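Comments concern the structure below.
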Amino acid sequence: MRLTELKLPLDHTAEDLRAEIIRRLRIAPDELLAYTIYRRSFDARKASAIVLTYTLDVELKNESAVLASLQGEPHVGPTPDTSYHFVTPAPAVSAVPPALRPIVIGTGPCGLFAGLILAQMGLRPLILDRGKAVRERTKDTWGFWRQGQLNPESNVQFGEGGAGTFSDGKLYSQVRDPAYRSRKVLTEFVKAGAPEEILYVAKPHIGTFRLVSMVENMRASILALGGEIRFQSRVDDVHIDDGKIHGITLTNGESSEFIAADHVVLAIGHSARDTFEMLHRRGVHMEPKAFSIGVRIEHPQSLIDAARFGKNAGHPMLGAADYKLVHHCRNQRSAYSFCMCPGGTVVAAASEPGRVVTNGMSQYSRNERNANSAIVVGVSPADYPARYPGDPLAGVEFQRHWETLAFAAGGSDYRAPAQRLGDFLAGRPSTALGSVLPSYTPGIHLTDLSACLPDYVTQALREALPAFNRSIKGFALDDALLTGIETRTSSPLRITRDENFQSLNVRGLFPAGEGAGYAGGILSAAIDGIKVAEAVALSLSGH
């Protein structure tokens, strides 16, 4: 049976937890056989009185009698079934000829989980990625960070694991999940080497170093189930006839190859701009979508800990503090924090030459000196300089325009433009750093960030940043460092799909994940990958 909303102080013991279960259920001590933690969170709204809140699954000698005695109690009930159930029996292998096995394009969280589910159903998917395997990709990414040598096919955005590999590894989402697909994701991550705590802490995270080995383990699982994964294999064309997919052309080095396919999952990520352009040329229906643009802000992590946790800052049950902020501005824009990375670093995330893009990353320990977060402002298709009404690629060109200006503002060598918060608010270029030192590599160039942001974004940020000080004391620290620019908050377009998860106008093509505009973050992308894999399996089964 499940017991929810059980609250205890930070420094409680295991015996205190057991005693509270017994008290809440009104049972004798020997009636409690065992318990497991399903969820643990904390309430820090009052920093002086932080409490832990538990959801527990308990095993009793006579559960039915206890349930009957507590009938009407809102926080006691049967434990729901949170295990994953395949939506259809796996089709007979012979019914899926090898020449027409499902293809998954992309090995980010969406593609990996689409491939894993298909493999677990015996459908032997072929999974393709334009980038490299995760360890080779990591070498290329570190080479860019340390030496400014960008590989457009192997970087933060492209390669095994997707953009989420070089992030905080957050594994929580606000998507509705009545089928408990998120539990499937977390369970598979634990099998792949993630710490078991991700199954029950309210805001689980993994960190970059752990994600690398986990991705490799997931790849091994797919291969063991009969799947195939090819790296450095860029899909350059899709073959569509009479509104149906018939195959793809991929490029591997100097050679090209046509592969017949009638079920293709597009899990291409939000930065596959050349693939977007190819799909548009082939007539795949898509539309422009809103996203957000802004900067990364860095503070001392100790400042954020003190503001959020007060005297409890540094408590091992709390870890490094995060925050979530939003401000509705007078110019009708909203500014908000995004992808907050406690105890992390700001990283170079460009995927095209001559452009600067930032992102945030943390290791599992979250013990670096600075906290960082994107502070971004929403933009919509009305802001994009479109070639024609409804131009689906207008948001891509909007991103490229500001990323190119950021490259120039940073010195045209992949350093990022940066500015002290006090100078940004005063409208003057920065000429010296203060107490907050930058974590970004290949380095920063102090300047005026307004040169590489739309005026309305600059205006909104100058209003919002001081306002955030009301929630996080010290947030408007003059020496806090702003680094530009953040443009890859989500896809700038949506590859539209129907209720069967297929493209609106190309049968057999399954747009999925962040790149298609249906997810935002590791967990939601993985969940969408599972949904699309289920849709492929149902289609192959004739449903």
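Residue numbers start at 1 in each chain; chains themselves are named A, B, ... in the order of the structure tokens; ligands are numbered from 1 in the order shown.
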Residues at most 7 Å from segment 60-62 of chain A, counting only C-alpha atoms, excluding those fewer than 2 positions away in the same chain, as a VMD selection string?
chain A and resid 31 to 33 58 64 to 66
Which of segment 197-409 of chain A DSSP labels alpha helix (DSSP H), written as a PyMOL selection string:
chain A and resi 208-224+273-281+301-309+394-409
Have a look at atom CA of Thr4 of chain A and atom CA of Tyr54 of chain A and let me know their distance in Å, one decimal.
6.2 Å
Can you build me a table of segment 260-340 of chain A residues sitting at most 10 Å from segment 497-520 of chain A, with the closest atom pair per residue and its distance in Å to one decimal, using only C-alpha atoms, sorted by chain and residue number, as JSON lines?
```
{"residue": "A:Ala261", "atom": "CA", "partner": "A:Gly508", "partner_atom": "CA", "distance": 8.6}
{"residue": "A:Asp262", "atom": "CA", "partner": "A:Gly508", "partner_atom": "CA", "distance": 5.5}
{"residue": "A:His263", "atom": "CA", "partner": "A:Gly508", "partner_atom": "CA", "distance": 4.6}
{"residue": "A:Val264", "atom": "CA", "partner": "A:Leu509", "partner_atom": "CA", "distance": 5.0}
{"residue": "A:Val265", "atom": "CA", "partner": "A:Phe510", "partner_atom": "CA", "distance": 4.6}
{"residue": "A:Leu266", "atom": "CA", "partner": "A:Pro511", "partner_atom": "CA", "distance": 4.7}
{"residue": "A:Ala267", "atom": "CA", "partner": "A:Ala512", "partner_atom": "CA", "distance": 5.1}
{"residue": "A:Ile268", "atom": "CA", "partner": "A:Gly515", "partner_atom": "CA", "distance": 5.5}
{"residue": "A:Gly269", "atom": "CA", "partner": "A:Gly515", "partner_atom": "CA", "distance": 3.9}
{"residue": "A:His270", "atom": "CA", "partner": "A:Gly515", "partner_atom": "CA", "distance": 3.7}
{"residue": "A:Ser271", "atom": "CA", "partner": "A:Gly515", "partner_atom": "CA", "distance": 7.0}
{"residue": "A:Ala272", "atom": "CA", "partner": "A:Gly515", "partner_atom": "CA", "distance": 7.4}
{"residue": "A:Arg273", "atom": "CA", "partner": "A:Gly515", "partner_atom": "CA", "distance": 9.4}
{"residue": "A:Phe276", "atom": "CA", "partner": "A:Gly515", "partner_atom": "CA", "distance": 8.9}
{"residue": "A:Gly283", "atom": "CA", "partner": "A:Asn505", "partner_atom": "CA", "distance": 8.5}
{"residue": "A:Val284", "atom": "CA", "partner": "A:Asn505", "partner_atom": "CA", "distance": 6.6}
{"residue": "A:His285", "atom": "CA", "partner": "A:Asn505", "partner_atom": "CA", "distance": 6.3}
{"residue": "A:Met286", "atom": "CA", "partner": "A:Ala516", "partner_atom": "CA", "distance": 8.7}
{"residue": "A:Glu287", "atom": "CA", "partner": "A:Gly517", "partner_atom": "CA", "distance": 9.8}
{"residue": "A:Pro288", "atom": "CA", "partner": "A:Gly517", "partner_atom": "CA", "distance": 9.7}
{"residue": "A:Lys289", "atom": "CA", "partner": "A:Gly517", "partner_atom": "CA", "distance": 7.8}
{"residue": "A:Ala290", "atom": "CA", "partner": "A:Gly517", "partner_atom": "CA", "distance": 9.7}
{"residue": "A:Phe291", "atom": "CA", "partner": "A:Gly517", "partner_atom": "CA", "distance": 9.9}
```
To one decimal place in Å, what is the distance between atom CA of Asp177 of chain A and atom CA of Phe189 of chain A?
17.5 Å
Per-residue nearest contacts segment 199-280 of chain A to segment 105-112 of chain A, cut-off 12 Å, using only C-alpha atoms, as a tab-separated table:
```
residue	atom	partner	partner_atom	distance
A:Leu211	CA	A:Pro109	CA	10.7
A:Val212	CA	A:Gly108	CA	11.8
A:Met214	CA	A:Leu112	CA	11.3
A:Val215	CA	A:Leu112	CA	8.4
A:Glu216	CA	A:Leu112	CA	10.6
A:Asn217	CA	A:Leu112	CA	11.1
A:Met218	CA	A:Leu112	CA	7.7
A:Arg219	CA	A:Leu112	CA	7.8
A:Ala220	CA	A:Leu112	CA	11.3
A:Ser221	CA	A:Leu112	CA	10.5
A:Ile222	CA	A:Leu112	CA	8.7
A:Leu223	CA	A:Leu112	CA	11.6
A:Gly227	CA	A:Leu112	CA	11.2
A:Glu228	CA	A:Leu112	CA	11.7
A:Ile229	CA	A:Thr107	CA	8.9
A:Arg230	CA	A:Thr107	CA	9.8
A:Phe231	CA	A:Thr107	CA	9.2
A:Gln232	CA	A:Gly106	CA	10.9
A:Ser233	CA	A:Ile105	CA	9.5
A:Arg234	CA	A:Ile105	CA	8.8
A:Val235	CA	A:Ile105	CA	7.7
A:Asp236	CA	A:Ile105	CA	11.2
A:Asp237	CA	A:Ile105	CA	11.8
A:Val238	CA	A:Ile105	CA	11.3
A:Ile248	CA	A:Ile105	CA	10.1
A:Thr249	CA	A:Ile105	CA	11.6
A:Leu250	CA	A:Ile105	CA	10.3
A:Ala261	CA	A:Ile105	CA	12.0
A:His263	CA	A:Ile105	CA	11.0
A:Val264	CA	A:Ile105	CA	7.4
A:Val265	CA	A:Ile105	CA	6.0
A:Leu266	CA	A:Ile105	CA	5.3
A:Ala267	CA	A:Gly106	CA	5.0
A:Ile268	CA	A:Gly106	CA	5.0
A:Gly269	CA	A:Gly108	CA	7.2
A:His270	CA	A:Gly108	CA	10.6
A:Ser271	CA	A:Gly106	CA	11.6
A:Ala272	CA	A:Gly106	CA	9.9
A:Thr275	CA	A:Ile105	CA	10.7
```
What's the 12 Å shell around Gly294 of chain A, counting only C-alpha atoms, without same-chain residues fewer than 2 positions away, as a ChimeraX atom specification?
/A:291-292,296-297,334-338,357-359,373-379,399,402-403,406,449-450,452-462,464-465,482-489
Within 6 Å of Gly247 of chain A, counting only C-alpha atoms, which residues show up once you throw out same-chain ones fewer than 5 positions away? Write them as a ChimeraX atom specification, please.
/A:239,259-261
Closest of A:Phe86, A:Thr251, A:Val185, A:Ser256 to Gly131 of chain A - atom-to-atom distances counting only C-alpha atoms
A:Thr251
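The residues of segment 90-237 of chain A that DSSP classifies as strand (DSSP E or B), using the backbone of this structure, are A:Ile103, A:Val104, A:Ile105, A:Leu126, A:Ile127, A:Leu128, A:Lys170, A:Val201, A:His205, A:Glu228, A:Ile229, A:Arg230, A:Arg234, A:Val235, A:Asp236, A:Asp237.
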Keeping N, CA and C atoms, export the residues of the selection given above as a compact mmCIF listing (two decimals), in the first residue's frame.
```txt
# COMPACT_ATOMS: atom_id res chain seq x y z
N ILE A 103 13.73 2.31 -38.73
CA ILE A 103 14.94 3.12 -38.65
C ILE A 103 14.71 4.25 -37.66
N VAL A 104 15.68 4.50 -36.81
CA VAL A 104 15.65 5.63 -35.88
C VAL A 104 16.81 6.53 -36.23
N ILE A 105 16.52 7.81 -36.49
CA ILE A 105 17.55 8.78 -36.83
C ILE A 105 17.82 9.64 -35.59
N LEU A 126 17.38 -0.23 -36.81
CA LEU A 126 18.63 0.34 -37.30
C LEU A 126 18.65 1.79 -36.82
N ILE A 127 19.67 2.14 -36.03
CA ILE A 127 19.75 3.47 -35.43
C ILE A 127 20.95 4.20 -36.03
N LEU A 128 20.72 5.41 -36.50
CA LEU A 128 21.74 6.17 -37.22
C LEU A 128 22.04 7.47 -36.49
N LYS A 170 19.52 16.50 -15.81
CA LYS A 170 18.27 16.55 -15.06
C LYS A 170 17.30 15.51 -15.60
N VAL A 201 14.26 10.47 -5.60
CA VAL A 201 14.41 11.89 -5.26
C VAL A 201 13.55 12.72 -6.21
N HIS A 205 19.17 13.91 -10.88
CA HIS A 205 20.12 14.32 -11.92
C HIS A 205 21.26 13.31 -11.92
N GLU A 228 20.95 -2.46 -34.44
CA GLU A 228 22.20 -2.05 -35.08
C GLU A 228 22.33 -0.54 -34.95
N ILE A 229 23.53 -0.07 -34.63
CA ILE A 229 23.77 1.37 -34.49
C ILE A 229 24.95 1.75 -35.36
N ARG A 230 24.76 2.77 -36.18
CA ARG A 230 25.83 3.27 -37.04
C ARG A 230 26.09 4.74 -36.72
N ARG A 234 25.25 10.37 -41.66
CA ARG A 234 24.31 11.49 -41.73
C ARG A 234 23.23 11.21 -42.78
N VAL A 235 21.98 11.37 -42.38
CA VAL A 235 20.87 11.19 -43.32
C VAL A 235 20.73 12.47 -44.14
N ASP A 236 21.01 12.35 -45.44
CA ASP A 236 21.00 13.51 -46.33
C ASP A 236 19.74 13.63 -47.15
N ASP A 237 18.92 12.57 -47.18
CA ASP A 237 17.71 12.64 -47.98
C ASP A 237 16.69 11.63 -47.49
```
Of the listed residues A:Ala386, A:Arg26, A:Asp11, A:Ala480, that which approaches Pro316 of chain A most closely, counting only C-alpha atoms:
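Looking only at the distances to Pro316 of chain A, the closest residue turns out to be A:Asp11.
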